[in-house]
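What follows is work_19.cif (mmCIF, N, CA and C atoms).
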data_data
#
loop_
_atom_site.label_atom_id
_atom_site.label_comp_id
_atom_site.auth_asym_id
_atom_site.auth_seq_id
_atom_site.Cartn_x
_atom_site.Cartn_y
_atom_site.Cartn_z
N MET R 567 87.56 29.05 43.11
CA MET R 567 87.87 28.26 41.95
C MET R 567 87.55 29.08 40.71
N LEU R 568 88.46 29.12 39.78
CA LEU R 568 88.30 29.85 38.53
C LEU R 568 87.45 29.02 37.58
N ARG R 569 86.46 29.64 36.93
CA ARG R 569 85.59 28.91 36.01
C ARG R 569 85.50 29.68 34.71
N THR R 570 85.57 28.95 33.61
CA THR R 570 85.49 29.59 32.30
C THR R 570 84.45 28.88 31.46
N GLU R 571 83.90 29.58 30.51
CA GLU R 571 82.92 29.01 29.59
C GLU R 571 83.17 29.61 28.22
N ILE R 572 83.25 28.77 27.22
CA ILE R 572 83.45 29.24 25.86
C ILE R 572 82.07 29.36 25.22
N LEU R 573 81.75 30.54 24.67
CA LEU R 573 80.47 30.76 24.02
C LEU R 573 80.65 30.66 22.52
N LEU R 574 79.94 29.77 21.90
CA LEU R 574 80.00 29.65 20.45
C LEU R 574 79.05 30.68 19.84
N PRO R 575 79.39 31.26 18.67
CA PRO R 575 78.53 32.27 18.07
C PRO R 575 77.11 31.79 17.81
N THR R 576 76.93 30.51 17.55
CA THR R 576 75.60 29.98 17.24
C THR R 576 74.79 29.63 18.48
N GLN R 577 75.42 29.61 19.67
CA GLN R 577 74.71 29.16 20.86
C GLN R 577 74.98 30.02 22.09
N PRO R 578 75.12 31.33 21.97
CA PRO R 578 75.54 32.09 23.16
C PRO R 578 74.54 32.09 24.29
N LYS R 579 73.24 32.23 24.01
CA LYS R 579 72.26 32.31 25.09
C LYS R 579 72.09 30.96 25.77
N ARG R 580 72.05 29.90 25.00
CA ARG R 580 71.86 28.58 25.58
C ARG R 580 72.99 28.28 26.57
N LYS R 581 74.24 28.60 26.22
CA LYS R 581 75.37 28.33 27.11
C LYS R 581 75.30 29.19 28.37
N MET R 582 74.87 30.46 28.25
CA MET R 582 74.78 31.31 29.43
C MET R 582 73.76 30.75 30.42
N PHE R 583 72.57 30.36 29.91
CA PHE R 583 71.53 29.85 30.79
C PHE R 583 71.87 28.48 31.35
N ALA R 584 72.65 27.71 30.63
CA ALA R 584 72.99 26.37 31.09
C ALA R 584 73.76 26.39 32.40
N LEU R 585 74.46 27.48 32.67
CA LEU R 585 75.23 27.58 33.90
C LEU R 585 74.36 27.88 35.11
N SER R 586 73.16 28.44 34.89
CA SER R 586 72.41 28.98 36.01
C SER R 586 71.51 27.99 36.75
N SER R 587 71.10 26.91 36.11
CA SER R 587 70.14 26.03 36.75
C SER R 587 70.30 24.60 36.25
N PRO R 588 70.11 23.61 37.13
CA PRO R 588 70.21 22.21 36.69
C PRO R 588 69.23 21.87 35.56
N ILE R 589 68.04 22.47 35.57
CA ILE R 589 67.07 22.17 34.52
C ILE R 589 67.58 22.65 33.16
N PHE R 590 68.23 23.82 33.14
CA PHE R 590 68.80 24.32 31.89
C PHE R 590 69.98 23.46 31.46
N GLN R 591 70.73 22.96 32.42
CA GLN R 591 71.83 22.07 32.08
C GLN R 591 71.31 20.80 31.41
N GLU R 592 70.21 20.25 31.94
CA GLU R 592 69.62 19.05 31.35
C GLU R 592 69.06 19.33 29.96
N LEU R 593 68.39 20.47 29.79
CA LEU R 593 67.87 20.85 28.47
C LEU R 593 69.01 21.06 27.47
N ASP R 594 70.08 21.67 27.93
CA ASP R 594 71.25 21.90 27.08
C ASP R 594 71.83 20.57 26.61
N ARG R 595 71.96 19.62 27.52
CA ARG R 595 72.50 18.31 27.18
C ARG R 595 71.59 17.60 26.18
N ALA R 596 70.30 17.67 26.39
CA ALA R 596 69.34 17.03 25.48
C ALA R 596 69.40 17.66 24.09
N ALA R 597 69.51 18.97 24.04
CA ALA R 597 69.57 19.66 22.74
C ALA R 597 70.84 19.29 21.99
N GLN R 598 71.95 19.22 22.69
CA GLN R 598 73.19 18.84 22.03
C GLN R 598 73.13 17.40 21.56
N THR R 599 72.55 16.52 22.35
CA THR R 599 72.43 15.12 21.96
C THR R 599 71.57 15.00 20.71
N ALA R 600 70.49 15.75 20.64
CA ALA R 600 69.61 15.71 19.46
C ALA R 600 70.36 16.18 18.22
N GLU R 601 71.17 17.23 18.33
CA GLU R 601 71.96 17.70 17.20
C GLU R 601 72.92 16.61 16.74
N TRP R 602 73.52 15.89 17.66
CA TRP R 602 74.51 14.88 17.31
C TRP R 602 73.85 13.68 16.64
N ARG R 603 72.58 13.42 16.96
CA ARG R 603 71.89 12.32 16.29
C ARG R 603 71.70 12.63 14.81
N LYS R 604 71.49 13.91 14.47
CA LYS R 604 71.34 14.29 13.07
C LYS R 604 72.66 14.14 12.32
N ASP R 605 73.74 14.52 12.94
CA ASP R 605 75.06 14.46 12.32
C ASP R 605 76.08 14.08 13.39
N PRO R 606 76.41 12.78 13.53
CA PRO R 606 77.32 12.34 14.60
C PRO R 606 78.69 12.98 14.54
N THR R 607 79.12 13.45 13.37
CA THR R 607 80.45 14.06 13.28
C THR R 607 80.53 15.40 14.00
N ARG R 608 79.39 15.98 14.39
CA ARG R 608 79.39 17.22 15.16
C ARG R 608 79.73 16.98 16.63
N ASP R 609 79.65 15.74 17.04
CA ASP R 609 79.97 15.38 18.42
C ASP R 609 81.46 15.62 18.65
N PRO R 610 81.83 16.42 19.66
CA PRO R 610 83.26 16.66 19.91
C PRO R 610 84.03 15.39 20.22
N LYS R 611 83.34 14.34 20.62
CA LYS R 611 84.01 13.09 20.95
C LYS R 611 84.08 12.15 19.74
N CYS R 612 83.64 12.62 18.58
CA CYS R 612 83.73 11.82 17.36
C CYS R 612 85.12 11.98 16.76
N LEU R 613 85.72 10.89 16.38
CA LEU R 613 87.05 10.90 15.77
C LEU R 613 86.93 11.46 14.35
N LYS R 614 87.51 12.61 14.10
CA LYS R 614 87.40 13.30 12.82
C LYS R 614 88.28 12.63 11.77
N MET R 615 87.77 12.57 10.53
CA MET R 615 88.51 11.88 9.48
C MET R 615 88.18 12.46 8.11
N ASP R 616 89.06 12.16 7.16
CA ASP R 616 88.84 12.43 5.75
C ASP R 616 89.02 11.12 5.02
N MET R 617 88.26 10.91 3.96
CA MET R 617 88.44 9.74 3.10
C MET R 617 88.79 10.28 1.72
N VAL R 618 89.94 9.83 1.21
CA VAL R 618 90.48 10.32 -0.05
C VAL R 618 90.64 9.14 -1.01
N GLU R 619 90.40 9.39 -2.29
CA GLU R 619 90.53 8.33 -3.29
C GLU R 619 91.37 8.84 -4.46
N ASN R 620 92.23 7.95 -4.98
CA ASN R 620 92.92 8.22 -6.25
C ASN R 620 92.73 7.00 -7.14
N ASP R 621 93.48 6.90 -8.21
CA ASP R 621 93.28 5.80 -9.17
C ASP R 621 93.59 4.42 -8.60
N THR R 622 94.48 4.34 -7.61
CA THR R 622 94.94 3.03 -7.14
C THR R 622 94.54 2.69 -5.71
N GLU R 623 94.12 3.68 -4.91
CA GLU R 623 93.84 3.39 -3.51
C GLU R 623 92.89 4.39 -2.88
N TYR R 624 92.39 4.00 -1.71
CA TYR R 624 91.65 4.88 -0.82
C TYR R 624 92.56 5.17 0.37
N SER R 625 92.40 6.34 0.98
CA SER R 625 93.14 6.67 2.20
C SER R 625 92.18 7.28 3.21
N ALA R 626 92.18 6.73 4.41
CA ALA R 626 91.42 7.30 5.52
C ALA R 626 92.43 8.04 6.39
N VAL R 627 92.16 9.31 6.66
CA VAL R 627 93.10 10.15 7.41
C VAL R 627 92.39 10.64 8.67
N PHE R 628 92.98 10.32 9.84
CA PHE R 628 92.40 10.67 11.14
C PHE R 628 93.33 11.61 11.90
N ASN R 629 92.76 12.58 12.59
CA ASN R 629 93.54 13.44 13.49
C ASN R 629 93.68 12.74 14.84
N VAL R 630 94.92 12.52 15.26
CA VAL R 630 95.20 11.92 16.56
C VAL R 630 96.34 12.67 17.25
N PRO R 631 96.18 13.98 17.46
CA PRO R 631 97.29 14.76 18.03
C PRO R 631 97.64 14.35 19.45
N GLY R 632 98.92 14.23 19.71
CA GLY R 632 99.41 13.93 21.05
C GLY R 632 99.15 12.52 21.53
N VAL R 633 98.80 11.61 20.63
CA VAL R 633 98.47 10.23 21.03
C VAL R 633 99.62 9.31 20.63
N LYS R 634 100.03 8.47 21.56
CA LYS R 634 101.09 7.50 21.27
C LYS R 634 100.54 6.39 20.39
N LYS R 635 101.42 5.77 19.61
CA LYS R 635 101.00 4.68 18.70
C LYS R 635 100.31 3.55 19.44
N GLU R 636 100.77 3.24 20.63
CA GLU R 636 100.18 2.12 21.36
C GLU R 636 98.77 2.45 21.88
N ASP R 637 98.36 3.71 21.81
CA ASP R 637 97.01 4.11 22.24
C ASP R 637 96.03 4.25 21.08
N VAL R 638 96.49 3.90 19.87
CA VAL R 638 95.63 3.91 18.69
C VAL R 638 95.38 2.46 18.27
N HIS R 639 94.13 2.11 18.07
CA HIS R 639 93.77 0.74 17.72
C HIS R 639 92.99 0.73 16.41
N VAL R 640 93.48 -0.04 15.44
CA VAL R 640 92.84 -0.16 14.13
C VAL R 640 92.39 -1.60 13.96
N ASN R 641 91.12 -1.77 13.58
CA ASN R 641 90.57 -3.10 13.38
C ASN R 641 89.75 -3.11 12.09
N VAL R 642 89.94 -4.13 11.28
CA VAL R 642 89.15 -4.30 10.07
C VAL R 642 88.45 -5.65 10.18
N GLU R 643 87.13 -5.60 10.08
CA GLU R 643 86.33 -6.83 10.15
C GLU R 643 85.29 -6.75 9.05
N GLY R 644 85.32 -7.72 8.15
CA GLY R 644 84.46 -7.64 6.97
C GLY R 644 84.92 -6.45 6.15
N HIS R 645 84.02 -5.59 5.78
CA HIS R 645 84.37 -4.35 5.08
C HIS R 645 84.14 -3.14 5.99
N LYS R 646 84.34 -3.32 7.29
CA LYS R 646 84.20 -2.22 8.24
C LYS R 646 85.55 -1.92 8.88
N LEU R 647 85.90 -0.65 8.87
CA LEU R 647 87.12 -0.16 9.51
C LEU R 647 86.74 0.50 10.82
N SER R 648 87.35 0.07 11.92
CA SER R 648 87.14 0.70 13.23
C SER R 648 88.47 1.24 13.72
N VAL R 649 88.44 2.48 14.14
CA VAL R 649 89.62 3.12 14.73
C VAL R 649 89.21 3.65 16.09
N SER R 650 89.98 3.31 17.11
CA SER R 650 89.70 3.84 18.45
C SER R 650 90.98 4.41 19.03
N VAL R 651 90.81 5.42 19.87
CA VAL R 651 91.93 6.15 20.45
C VAL R 651 91.68 6.32 21.94
N ASP R 652 92.71 6.05 22.73
CA ASP R 652 92.66 6.30 24.17
C ASP R 652 93.49 7.54 24.46
N TYR R 653 92.80 8.61 24.88
CA TYR R 653 93.49 9.83 25.30
C TYR R 653 93.74 9.72 26.78
N LYS R 654 94.99 9.85 27.18
CA LYS R 654 95.34 9.70 28.59
C LYS R 654 95.70 11.05 29.18
N ASP R 655 95.41 11.18 30.46
CA ASP R 655 95.68 12.41 31.19
C ASP R 655 97.04 12.29 31.86
N GLU R 656 97.94 13.21 31.51
CA GLU R 656 99.27 13.16 32.13
C GLU R 656 99.26 13.79 33.52
N HIS R 657 98.16 14.47 33.88
CA HIS R 657 98.06 15.09 35.19
C HIS R 657 97.10 14.30 36.05
N LYS R 658 97.51 13.99 37.24
CA LYS R 658 96.65 13.29 38.18
C LYS R 658 96.32 14.27 39.31
N GLY R 659 95.05 14.48 39.54
CA GLY R 659 94.64 15.38 40.60
C GLY R 659 94.56 16.82 40.13
N ASP R 660 94.69 17.76 41.06
CA ASP R 660 94.52 19.18 40.78
C ASP R 660 95.82 19.92 40.55
N GLU R 661 96.94 19.20 40.49
CA GLU R 661 98.23 19.84 40.26
C GLU R 661 98.98 19.12 39.16
N ASP R 662 99.83 19.88 38.45
CA ASP R 662 100.64 19.24 37.41
C ASP R 662 101.89 18.65 38.04
N GLU R 663 102.78 18.12 37.22
CA GLU R 663 103.96 17.44 37.75
C GLU R 663 104.94 18.38 38.47
N GLU R 664 104.81 19.69 38.24
CA GLU R 664 105.69 20.66 38.92
C GLU R 664 105.02 21.26 40.15
N GLY R 665 103.84 20.75 40.51
CA GLY R 665 103.15 21.25 41.70
C GLY R 665 102.31 22.49 41.44
N LYS R 666 102.18 22.92 40.18
CA LYS R 666 101.35 24.09 39.86
C LYS R 666 99.89 23.69 39.85
N LYS R 667 99.04 24.56 40.40
CA LYS R 667 97.61 24.28 40.47
C LYS R 667 96.97 24.41 39.10
N ILE R 668 96.14 23.43 38.75
CA ILE R 668 95.43 23.45 37.48
C ILE R 668 94.05 24.04 37.71
N HIS R 669 93.71 25.11 36.99
CA HIS R 669 92.43 25.78 37.17
C HIS R 669 91.33 25.19 36.30
N TRP R 670 91.61 24.81 35.07
CA TRP R 670 90.64 24.15 34.22
C TRP R 670 91.34 23.36 33.14
N ARG R 671 90.60 22.40 32.59
CA ARG R 671 91.14 21.54 31.53
C ARG R 671 90.17 21.54 30.37
N GLU R 672 90.68 21.72 29.18
CA GLU R 672 89.84 21.70 27.99
C GLU R 672 90.20 20.54 27.06
N ARG R 673 91.27 19.84 27.36
CA ARG R 673 91.68 18.72 26.51
C ARG R 673 90.90 17.48 26.86
N HIS R 674 90.50 16.75 25.84
CA HIS R 674 89.70 15.54 26.02
C HIS R 674 90.55 14.42 26.61
N VAL R 675 89.98 13.71 27.56
CA VAL R 675 90.61 12.55 28.15
C VAL R 675 89.58 11.43 28.09
N GLY R 676 89.98 10.27 27.60
CA GLY R 676 89.05 9.16 27.52
C GLY R 676 89.25 8.35 26.26
N HIS R 677 88.17 7.74 25.80
CA HIS R 677 88.20 6.82 24.67
C HIS R 677 87.23 7.33 23.60
N ILE R 678 87.69 7.43 22.36
CA ILE R 678 86.80 7.76 21.26
C ILE R 678 87.02 6.77 20.13
N ALA R 679 85.99 6.58 19.33
CA ALA R 679 86.09 5.57 18.26
C ALA R 679 85.25 6.00 17.07
N ARG R 680 85.56 5.40 15.95
CA ARG R 680 84.81 5.65 14.71
C ARG R 680 84.84 4.38 13.88
N THR R 681 83.71 4.01 13.32
CA THR R 681 83.61 2.86 12.43
C THR R 681 83.00 3.33 11.12
N ILE R 682 83.63 2.93 10.01
CA ILE R 682 83.11 3.29 8.70
C ILE R 682 83.02 2.05 7.81
N GLN R 683 82.13 2.10 6.86
CA GLN R 683 81.98 1.04 5.87
C GLN R 683 82.98 1.31 4.75
N LEU R 684 83.77 0.30 4.40
CA LEU R 684 84.74 0.44 3.31
C LEU R 684 84.07 0.10 1.97
N PRO R 685 84.56 0.70 0.90
CA PRO R 685 84.02 0.37 -0.42
C PRO R 685 84.24 -1.11 -0.75
N ASN R 686 83.39 -1.67 -1.59
CA ASN R 686 83.46 -3.09 -1.93
C ASN R 686 84.71 -3.46 -2.71
N ASN R 687 85.31 -2.50 -3.44
CA ASN R 687 86.48 -2.82 -4.27
C ASN R 687 87.81 -2.70 -3.55
N VAL R 688 87.81 -2.66 -2.22
CA VAL R 688 89.05 -2.59 -1.44
C VAL R 688 89.70 -3.97 -1.39
N ASP R 689 91.00 -4.02 -1.64
CA ASP R 689 91.77 -5.25 -1.47
C ASP R 689 92.07 -5.39 0.03
N MET R 690 91.37 -6.29 0.69
CA MET R 690 91.46 -6.41 2.15
C MET R 690 92.83 -6.92 2.62
N ASN R 691 93.67 -7.41 1.72
CA ASN R 691 95.00 -7.88 2.09
C ASN R 691 96.07 -6.81 1.92
N SER R 692 95.68 -5.61 1.54
CA SER R 692 96.67 -4.57 1.25
C SER R 692 96.58 -3.38 2.20
N ILE R 693 95.95 -3.53 3.34
CA ILE R 693 95.74 -2.41 4.25
C ILE R 693 97.04 -2.07 4.98
N GLU R 694 97.37 -0.78 4.98
CA GLU R 694 98.60 -0.32 5.62
C GLU R 694 98.29 0.95 6.42
N ALA R 695 98.75 1.00 7.67
CA ALA R 695 98.51 2.16 8.53
C ALA R 695 99.83 2.77 8.98
N LYS R 696 99.88 4.11 8.99
CA LYS R 696 101.06 4.84 9.47
C LYS R 696 100.59 6.02 10.31
N GLN R 697 101.31 6.27 11.40
CA GLN R 697 100.99 7.40 12.26
C GLN R 697 102.23 8.26 12.42
N ALA R 698 102.10 9.54 12.12
CA ALA R 698 103.20 10.49 12.29
C ALA R 698 102.63 11.89 12.44
N ASP R 699 103.27 12.69 13.28
CA ASP R 699 102.91 14.09 13.47
C ASP R 699 101.43 14.32 13.78
N GLY R 700 100.86 13.45 14.59
CA GLY R 700 99.47 13.63 15.01
C GLY R 700 98.43 13.23 13.99
N VAL R 701 98.85 12.50 12.94
CA VAL R 701 97.93 12.09 11.89
C VAL R 701 98.08 10.59 11.66
N LEU R 702 96.96 9.87 11.63
CA LEU R 702 96.93 8.46 11.30
C LEU R 702 96.42 8.32 9.87
N ARG R 703 97.22 7.69 9.01
CA ARG R 703 96.83 7.46 7.61
C ARG R 703 96.70 5.96 7.39
N ILE R 704 95.55 5.54 6.88
CA ILE R 704 95.31 4.15 6.58
C ILE R 704 95.04 4.05 5.09
N HIS R 705 95.86 3.25 4.40
CA HIS R 705 95.77 3.13 2.94
C HIS R 705 95.18 1.77 2.58
N PHE R 706 94.28 1.77 1.60
CA PHE R 706 93.63 0.55 1.11
C PHE R 706 93.79 0.52 -0.40
N LYS R 707 94.44 -0.49 -0.93
CA LYS R 707 94.57 -0.65 -2.39
C LYS R 707 93.21 -1.08 -2.95
N LYS R 708 92.98 -0.67 -4.19
CA LYS R 708 91.75 -1.08 -4.88
C LYS R 708 91.94 -2.45 -5.47
#
Any chance you could put this one into structure tokens?
Amino acid sequence: MLRTEILLPTQPKRKMFALSSPIFQELDRAAQTAEWRKDPTRDPKCLKMDMVENDTEYSAVFNVPGVKKEDVHVNVEGHKLSVSVDYKDEHKGDEDEEGKKIHWRERHVGHIARTIQLPNNVDMNSIEAKQADGVLRIHFKK
């Protein structure tokens, strides 16, 4: 079985040792979890976004590459915006649809979500969402 590991410039030794022993794997997981508690947006499973403001509206922009519209869920409750995405795996098992063997997968499969507090001056009746070219844009009038 072919195995690969990507070494980040800031963590090369930790990743090398994490492969060698279960105890190092557990320490590696704990260290990464601690980093994510300080800044949850560093978590690879965190839905990345930008919040932009102009004179008339706010816009929340999320990256959702390769996701169908029916797999993106937007919910507004109170002044909280929640966006969740279901990433689905088009390959089942160890082979692709043409029978080629898959050696490794780096694309995320599963469910990710993000909830943010909206500013108090948002008109809650004017929310509009559009998804195109792998980007979800949600506009809120002031």
Item checked: Output check: residues returned by the PyMOL selection byres (((chain R and resi 632 and name CA) around 9) and name CA), as an NGL selection string -> :R and (630-631 or 633-634 or 653 or 699-700)
Answer key for the PyMOL selection byres ((chain R and resi 639) around 8), residues as a CSV table (one decimal) with N, CA and C atoms, in the frame of the given file:
chain,number,residue,atom,x,y,z
R,635,LYS,N,101.4,5.8,19.6
R,635,LYS,CA,101.0,4.7,18.7
R,635,LYS,C,100.3,3.6,19.4
R,636,GLU,N,100.8,3.2,20.6
R,636,GLU,CA,100.2,2.1,21.4
R,636,GLU,C,98.8,2.4,21.9
R,637,ASP,N,98.4,3.7,21.8
R,637,ASP,CA,97.0,4.1,22.2
R,637,ASP,C,96.0,4.2,21.1
R,638,VAL,N,96.5,3.9,19.9
R,638,VAL,CA,95.6,3.9,18.7
R,638,VAL,C,95.4,2.5,18.3
R,640,VAL,N,93.5,0.0,15.4
R,640,VAL,CA,92.8,-0.2,14.1
R,640,VAL,C,92.4,-1.6,14.0
R,641,ASN,N,91.1,-1.8,13.6
R,641,ASN,CA,90.6,-3.1,13.4
R,641,ASN,C,89.8,-3.1,12.1
R,642,VAL,N,89.9,-4.1,11.3
R,642,VAL,CA,89.2,-4.3,10.1
R,642,VAL,C,88.4,-5.6,10.2
R,648,SER,N,87.4,0.1,11.9
R,648,SER,CA,87.1,0.7,13.2
R,648,SER,C,88.5,1.2,13.7
R,649,VAL,N,88.4,2.5,14.1
R,649,VAL,CA,89.6,3.1,14.7
R,649,VAL,C,89.2,3.6,16.1
R,650,SER,N,90.0,3.3,17.1
R,650,SER,CA,89.7,3.8,18.4
R,650,SER,C,91.0,4.4,19.0
R,651,VAL,N,90.8,5.4,19.9
R,651,VAL,CA,91.9,6.2,20.4
R,651,VAL,C,91.7,6.3,21.9
R,652,ASP,N,92.7,6.0,22.7
R,652,ASP,CA,92.7,6.3,24.2
R,652,ASP,C,93.5,7.5,24.5
Checklist line | Cut-off 7 Å around (95.9, 6.3, 7.1) with all atoms listed in the file: residues as JSON, numbers by chain | finding: {"R": [625, 626, 627, 628, 694, 695, 696, 697, 701, 702, 703, 704, 705]}
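Closest to Leu613 (chain R) among R:Val688, R:His677, R:Lys707, R:Ile693 is R:His677, based on only C-alpha atoms.
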Notebook entry, point to check: Quick one: distance from CA of Asn691 (chain R) to atom N of Thr622 (chain R) in Å, one decimal?
Noted result: 15.6 Å
Next item on the list: Between atom N of Val675 (chain R) and CA of Lys654 (chain R), measure the distance and give it in Å to one decimal.
Entry: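 Separation between atom N of Val675 (chain R) and CA of Lys654 (chain R): 6.8 Å.
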